Structures are given as structure tokens and as C-alpha cells.
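Asker: If you scroll down you'll find the structure; I have some questions about it.
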Amino acid sequence: MNTKKFIIANWKAYITAQKQAKDMLATVVKAKLSKGAEVVVCPPFPFLSLFPKTKSSIFSLGAQDVFWESEGAYTGAVTLAMLRDFGVSHVIIGHSERRHFAMESDEVVNRKVRAALQAGLRVILCVGEKEREDSRAIPEIVGAQVKSALADVPAPHMKNLFIAYEPIWAIGTGVADTPNDALSASLYIRKVVGDLYGNKIGMALKVLYGGSVDAKNAALFMNQSGINGVLVGKASTDKKEFLGILDSF
Ligand code: 13P
């Protein structure tokens with residue numbers, strides 16, 4: 001199992017001005033990280049150019065979405081080549097907010113996952129159920145999301161995949177999942193991937209937890225050996241909270 005821990009900051013549209021983005025970025029790059037940690041910051045597209053292009057082994061740049069076609073008459077699209085040109089190495093795909101407000105279907109998510117992995121980007125695929133009390137949720141809903149997103153993804157590309165378990169009821173609510181339940185979900189996701197690609201790939205898969213992660217609870221998730229890190233929304237845009245998260249393991 002991968003022992004490195006990943007802290008992925010999804011700024012969503014919380015940061016809306018260049019000055020704010022520069023300020024937050026300066027805080028993140030100055031932060032001291034413990035060994036074995038990697039931070040990926042995913043700002044809104046217009047702020048990608050504010051990030052230094054120099055490669056760093058502990059700090060990477062991510063995007064919050066991408067289009068699957070490589071170029072052409074696609075008004076409003078941001079392509080993989082554009083992202084790479086800005087030094088982007090990671091991309092979030094299938095976030096529940098995009099599935100909901102941009103009406104992204106499982107088929108769209110699969111197209112984006114295949115195109116991004118084919119282009120050599122690291123993909124953070126988001127999955128998660130809507131209601132907490134639905135006991136069939138993890139096997140039925142999350143299992144189906146994982147399988148459809150990975151349709152026709154070749155095994156060699158799996159090393160660049162993260163799957164973020166983000167229960168929708170925990171996103172932005174201040175009510176995070178319990179570390180135990182997040183661990184069970186992460187083990188289930190590994191099993192689904194193991195059934196598709198073999199045990200070795202299932203065990204090597206990088207699984208993240210996301211949903212109301214903050215400075216107080218981040219360590220509880222990150223310290224689980226079956227969870228490789230956290231995907232943080234709102235708290236990643238608050239200096240004190242985010243530094244607290246970086247400091248918490
Ligand atoms: P919050 O941390 O704001 O709950 O958001 C989680 C999330 O959706 C990260 O992608």
C-alpha cells in the first residue's frame with residue numbers, strides 16, 4: 001500500500017479574486033510539510049497562471065475539471081493540452097457538484113477520465129452517495145460509479161488514478177463521515193477496483209476521503225492506513241484551517 005499522504009485542495013469557486021488567490025498560494029508554498037506528504041492545489045481555471053511552473057516534489061497544481069476532446073469547435077471548453085501548458089499535473093473529475101449543477105452523466109465522467117489518463121495526467125475521480133442512511137448506498141451507488149467511470153480504462157493507467165470517496169451529505173455541511181465508515185468505504189472501493197484489475201492494483205490504488213475535512217479532523221482520516229489522504233473544499237481556502245491541516249500529521 002502507498003504510504004505517502006496526499007492533501008488535495010479544491011478551492012471550488014470560494015476564491016474569486018486574483019489577489020486572494022495569490023495570497024492563499026503564498027501561504028501554501030511557504031508551509032512546512034512533513035516528510036511523505038504531497039499537496040495539490042486545484043484553483044479555478046483563471047488562476048492557474050498565478051502558480052509557479054517550477055516542478056516541486058511536494059507541491060503540484062491541479063484543475064477542477066477538463067474537457068475530453070483535444071481541440072476544435074468547443075466553445076467554453078478547457079482542454080488537457082491547455083492544462084498541461086499551465087503546468088497542471090492533476091485534475092478532479094466527476095465531482096458531485098459538477099454531476100449535479102453541470103449535469104455530468106456517468107458517461108461524461110468516463111470520457112473525461114479516459115482522456116485525462118491517456119494524456120498522462122493524474123486523475124482524482126470523485127464518487128459518493130447522497131444520503132447517509134441509505135445502507136445500500138456504498139455497494140450499489142458508489143460501486144456503480146466506480147465501475148462506469150473506469151469502463152475501458154487500461155490497467156497501466158491505473159497508477160495515475162486517485163479515487164476520492166466524498167459522501168454528498170458530508171460536503172459543505174460541517175458533518176464529516178466517521179473515520180471508520182470512511183475507511184470501510186475506501187476498502188470497498190479498493191475491492192471493486194481489485195475485482196476489475198486484480199488485487200495488486202486494488203491495494204496500490206490511492207483512495208482519499210473528502211467532505212467537511214478541517215484542521216480538527218484531518219488527522220483522523222489521514223492516519224487510517226487504508227486512506228491515502230484528504231480532498232479538502234472550504235477549509236482549503238482558509239489560511240488558518242489549511243495550515244492546521246498541513247500540520248496535522
Ligand atoms: P468541503 O470540504 O467544503 O466539505 O468540500 C469537500 C469537497 O467537495 C472537496 O472536493
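To be explicit about the labels: the chains of the C-alpha cells are called A, B, and onward in the order shown, and within each one the residues are counted from 1, while ligands get numbers from 1 in the order they are shown.
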Find the spatial neighbours of range 22-25 of chain A, counting only C-alpha atoms, within a cut-off of 8 Å - ignore same-chain residues fewer than 2 positions away - and output them as a ChimeraX atom specification.
Answerer: /A:18-20,27-29,50-51,237-239
Asker: Write as a PyMOL selection string the residues around ligand 1, taking 6 Å as the cut-off and counting only C-alpha atoms and all ligand atoms.
Answerer: chain A and resi 10+171-172+210-213+231-235
Asker: Neighbours of range 100-102 of chain A within 12 Å (only C-alpha atoms; same-chain residues fewer than 6 positions away dropped), as a list in words?
Answerer: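 The residues satisfying every condition are Asp65, Gly94, Val108, Val109, Lys130 and Ile168 of chain A.
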Asker: Hey, what's within 9 Å of Ala219 in chain A if we count only C-alpha atoms and toss same-chain stuff fewer than 3 positions away? As a ChimeraX atom specification, please?
Answerer: /A:215-216,222-224,245,248-249
Asker: At a cut-off of 9 Å, using only C-alpha atoms, what residues contact Glu129 in chain A? Leave out same-chain residues fewer than 3 positions from it and give the result as number ranges by chain.
Answerer: A: 132, 134, 137-138, 141-142, 165-169
Asker: When DSSP is applied to the backbone of this structure, which of range 1-244 of chain A are assigned strand (DSSP E)? Write them out as a PyMOL selection string.
Answerer: chain A and resi 5-10+37-42+59-63+90-93+122-127+161-165+206-210+229-232
Asker: Give the helix (DSSP H, G or I) residues of range 1-244 of chain A, as assigned by DSSP on the backbone, as a ChimeraX atom specification.
Answerer: /A:18-30,45-50,80-85,96-101,106-118,137-149,155-160,168-170,179-197,199-204,218-222,234-237,239-244
Asker: Find the spatial neighbours of range 32-44 of chain A, counting only C-alpha atoms, within a cut-off of 8 Å - ignore same-chain residues fewer than 3 positions away - and output them as JSON, numbers by chain.
Answerer: {"A": [3, 4, 5, 6, 7, 8, 9, 10, 11, 12, 13, 15, 21, 47, 48, 57, 58, 59, 60, 61, 62, 63, 64, 90, 91, 246, 247, 249]}
Asker: Restricting the output to N, CA, C and O atoms, write the selected residues as a short mmCIF file (atom, residue, chain, number, x, y, z; two decimals), in the first residue's frame.
Answerer:
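The result, written out as part-v3.cif:
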data_model
loop_
_atom_site.label_atom_id
_atom_site.label_comp_id
_atom_site.auth_asym_id
_atom_site.auth_seq_id
_atom_site.Cartn_x
_atom_site.Cartn_y
_atom_site.Cartn_z
N THR A 3 2.33 4.63 1.08
CA THR A 3 2.36 5.23 2.42
C THR A 3 2.39 6.76 2.39
O THR A 3 2.27 7.42 3.41
N LYS A 4 2.60 7.31 1.19
CA LYS A 4 2.60 8.76 1.06
C LYS A 4 1.20 9.30 1.37
O LYS A 4 0.20 8.64 1.07
N LYS A 5 1.12 10.50 1.96
CA LYS A 5 -0.19 11.09 2.23
C LYS A 5 -0.40 12.32 1.34
O LYS A 5 0.50 13.14 1.19
N PHE A 6 -1.59 12.41 0.78
CA PHE A 6 -1.91 13.48 -0.16
C PHE A 6 -2.95 14.42 0.44
O PHE A 6 -3.95 13.96 1.00
N ILE A 7 -2.68 15.71 0.32
CA ILE A 7 -3.67 16.70 0.76
C ILE A 7 -4.03 17.50 -0.49
O ILE A 7 -3.18 18.21 -1.04
N ILE A 8 -5.25 17.34 -0.93
CA ILE A 8 -5.65 17.97 -2.18
C ILE A 8 -6.66 19.07 -1.87
O ILE A 8 -7.68 18.83 -1.21
N ALA A 9 -6.31 20.28 -2.29
CA ALA A 9 -7.14 21.45 -2.01
C ALA A 9 -8.01 21.76 -3.22
O ALA A 9 -7.50 22.07 -4.29
N ASN A 10 -9.31 21.65 -3.02
CA ASN A 10 -10.26 22.01 -4.08
C ASN A 10 -10.86 23.35 -3.70
O ASN A 10 -11.75 23.43 -2.86
N TRP A 11 -10.34 24.41 -4.34
CA TRP A 11 -10.81 25.76 -3.99
C TRP A 11 -12.25 26.01 -4.46
O TRP A 11 -12.85 27.02 -4.11
N LYS A 12 -12.77 25.13 -5.29
CA LYS A 12 -14.11 25.34 -5.87
C LYS A 12 -14.19 26.78 -6.39
O LYS A 12 -13.22 27.26 -6.99
N ALA A 13 -15.31 27.49 -6.12
CA ALA A 13 -15.37 28.90 -6.52
C ALA A 13 -15.42 29.77 -5.27
O ALA A 13 -16.04 30.84 -5.26
N ILE A 15 -12.66 31.07 -3.86
CA ILE A 15 -11.71 32.18 -4.06
C ILE A 15 -12.05 32.81 -5.41
O ILE A 15 -12.05 32.12 -6.44
N ALA A 21 -6.26 34.77 -4.42
CA ALA A 21 -5.61 33.52 -4.88
C ALA A 21 -4.11 33.58 -4.63
O ALA A 21 -3.51 32.63 -4.14
N PHE A 47 -7.11 31.23 -12.45
CA PHE A 47 -5.98 31.49 -11.55
C PHE A 47 -4.81 30.53 -11.75
O PHE A 47 -3.81 30.61 -11.03
N LEU A 48 -4.93 29.62 -12.74
CA LEU A 48 -3.84 28.64 -12.94
C LEU A 48 -2.52 29.33 -13.25
O LEU A 48 -1.46 28.87 -12.85
N SER A 57 8.51 18.41 -5.72
CA SER A 57 8.04 17.04 -5.44
C SER A 57 6.95 17.04 -4.38
O SER A 57 6.27 16.05 -4.18
N ILE A 58 6.75 18.16 -3.69
CA ILE A 58 5.74 18.15 -2.64
C ILE A 58 4.54 19.06 -2.94
O ILE A 58 3.57 19.08 -2.22
N PHE A 59 4.63 19.79 -4.02
CA PHE A 59 3.58 20.76 -4.30
C PHE A 59 3.22 20.68 -5.78
O PHE A 59 4.07 20.85 -6.64
N SER A 60 1.98 20.38 -6.11
CA SER A 60 1.58 20.27 -7.51
C SER A 60 0.33 21.09 -7.77
O SER A 60 -0.42 21.43 -6.85
N LEU A 61 0.11 21.33 -9.05
CA LEU A 61 -1.03 22.13 -9.48
C LEU A 61 -2.09 21.23 -10.10
O LEU A 61 -1.77 20.37 -10.94
N GLY A 62 -3.33 21.43 -9.70
CA GLY A 62 -4.42 20.64 -10.25
C GLY A 62 -5.51 21.54 -10.82
O GLY A 62 -5.55 22.74 -10.54
N ALA A 63 -6.39 20.93 -11.63
CA ALA A 63 -7.54 21.67 -12.16
C ALA A 63 -8.80 20.99 -11.62
O ALA A 63 -8.76 19.85 -11.17
N GLN A 64 -9.92 21.74 -11.69
CA GLN A 64 -11.15 21.21 -11.10
C GLN A 64 -12.03 20.46 -12.10
O GLN A 64 -13.06 19.89 -11.74
N HIS A 90 -2.56 17.40 -12.18
CA HIS A 90 -3.68 16.65 -11.61
C HIS A 90 -5.00 17.28 -12.07
O HIS A 90 -5.06 18.50 -12.26
N VAL A 91 -6.04 16.46 -12.17
CA VAL A 91 -7.35 17.03 -12.49
C VAL A 91 -8.45 16.27 -11.74
O VAL A 91 -8.44 15.04 -11.69
N LEU A 246 -2.30 20.93 7.15
CA LEU A 246 -0.94 20.54 6.71
C LEU A 246 -0.07 20.13 7.91
O LEU A 246 0.83 19.33 7.78
N ASP A 247 -0.42 20.68 9.03
CA ASP A 247 0.37 20.46 10.23
C ASP A 247 -0.11 19.25 11.04
O ASP A 247 0.47 18.90 12.04
N PHE A 249 -0.40 15.97 10.63
CA PHE A 249 0.03 14.57 10.63
C PHE A 249 1.54 14.48 10.50
O PHE A 249 2.18 15.48 10.23
#
Asker: Can you work out which one of A:Ala204, A:Ala26, A:Ala155, A:Ile93 has the shortest atom-to-atom distance to Ser105 in chain A, counting only C-alpha atoms?
Answerer: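 Nearest candidate to Ser105 in chain A out of A:Ala204, A:Ala26, A:Ala155, A:Ile93: A:Ile93.
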Asker: Of the candidates A:Ser96, A:Ser49, A:Thr75, A:Asn160, which one gets nearest to Leu117 in chain A if we count only C-alpha atoms?
Answerer: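 Comparing A:Ser96, A:Ser49, A:Thr75, A:Asn160 against Leu117 in chain A, the winner is A:Asn160.
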Asker: Please identify all polymer residues within 9 Å of Phe67 in chain A, counting only C-alpha atoms, omitting same-chain residues fewer than 4 positions from it, and present them as JSON, numbers by chain.
Answerer: {"A": [77, 78, 79, 80, 111, 112, 115, 116]}
Asker: Can you write just those residues out, all heavy atoms, as a compact mmCIF listing (two decimals), in the first residue's frame?
Answerer:
# COMPACT_ATOMS: atom_id res chain seq x y z
N ALA A 77 -14.74 25.30 -23.74
CA ALA A 77 -14.03 24.12 -23.23
C ALA A 77 -12.60 24.45 -22.82
O ALA A 77 -11.94 25.31 -23.40
CB ALA A 77 -14.02 23.04 -24.29
N VAL A 78 -12.13 23.76 -21.80
CA VAL A 78 -10.72 23.82 -21.39
C VAL A 78 -10.15 22.43 -21.60
O VAL A 78 -10.64 21.45 -21.05
CB VAL A 78 -10.60 24.26 -19.92
CG1 VAL A 78 -9.15 24.17 -19.44
CG2 VAL A 78 -11.10 25.69 -19.75
N THR A 79 -9.13 22.35 -22.47
CA THR A 79 -8.64 21.03 -22.87
C THR A 79 -7.43 20.59 -22.04
O THR A 79 -6.81 21.39 -21.33
CB THR A 79 -8.21 21.04 -24.35
OG1 THR A 79 -7.05 21.88 -24.46
CG2 THR A 79 -9.31 21.55 -25.27
N LEU A 80 -7.09 19.33 -22.21
CA LEU A 80 -5.95 18.76 -21.50
C LEU A 80 -4.65 19.44 -21.88
O LEU A 80 -3.79 19.69 -21.03
CB LEU A 80 -5.87 17.26 -21.79
CG LEU A 80 -6.99 16.48 -21.08
CD1 LEU A 80 -7.37 15.23 -21.84
CD2 LEU A 80 -6.56 16.16 -19.66
N ARG A 111 -15.64 9.52 -20.10
CA ARG A 111 -14.89 10.11 -21.23
C ARG A 111 -13.75 10.98 -20.72
O ARG A 111 -12.64 10.97 -21.24
CB ARG A 111 -15.79 11.03 -22.05
CG ARG A 111 -16.63 10.31 -23.04
CD ARG A 111 -17.47 11.34 -23.76
NE ARG A 111 -18.46 10.66 -24.55
CZ ARG A 111 -18.71 10.95 -25.84
NH1 ARG A 111 -18.06 11.92 -26.43
NH2 ARG A 111 -19.61 10.29 -26.49
N LYS A 112 -14.07 11.78 -19.70
CA LYS A 112 -13.05 12.69 -19.14
C LYS A 112 -11.93 11.89 -18.47
O LYS A 112 -10.75 12.21 -18.63
CB LYS A 112 -13.69 13.65 -18.14
CG LYS A 112 -14.62 14.64 -18.80
CD LYS A 112 -15.19 15.64 -17.80
CE LYS A 112 -15.99 16.71 -18.55
NZ LYS A 112 -16.47 17.77 -17.66
N ALA A 115 -9.74 10.27 -21.19
CA ALA A 115 -8.92 11.24 -21.93
C ALA A 115 -7.78 11.77 -21.06
O ALA A 115 -6.64 11.90 -21.50
CB ALA A 115 -9.80 12.39 -22.42
N ALA A 116 -8.09 12.07 -19.80
CA ALA A 116 -7.07 12.66 -18.92
C ALA A 116 -5.97 11.64 -18.60
O ALA A 116 -4.78 11.98 -18.59
CB ALA A 116 -7.72 13.17 -17.64
Asker: How many Å separate CA of Pro156 in chain A from CA of Tyr197 in chain A?
Answerer: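 Atom-to-atom, CA of Pro156 in chain A to CA of Tyr197 in chain A, that is 9.9 Å.
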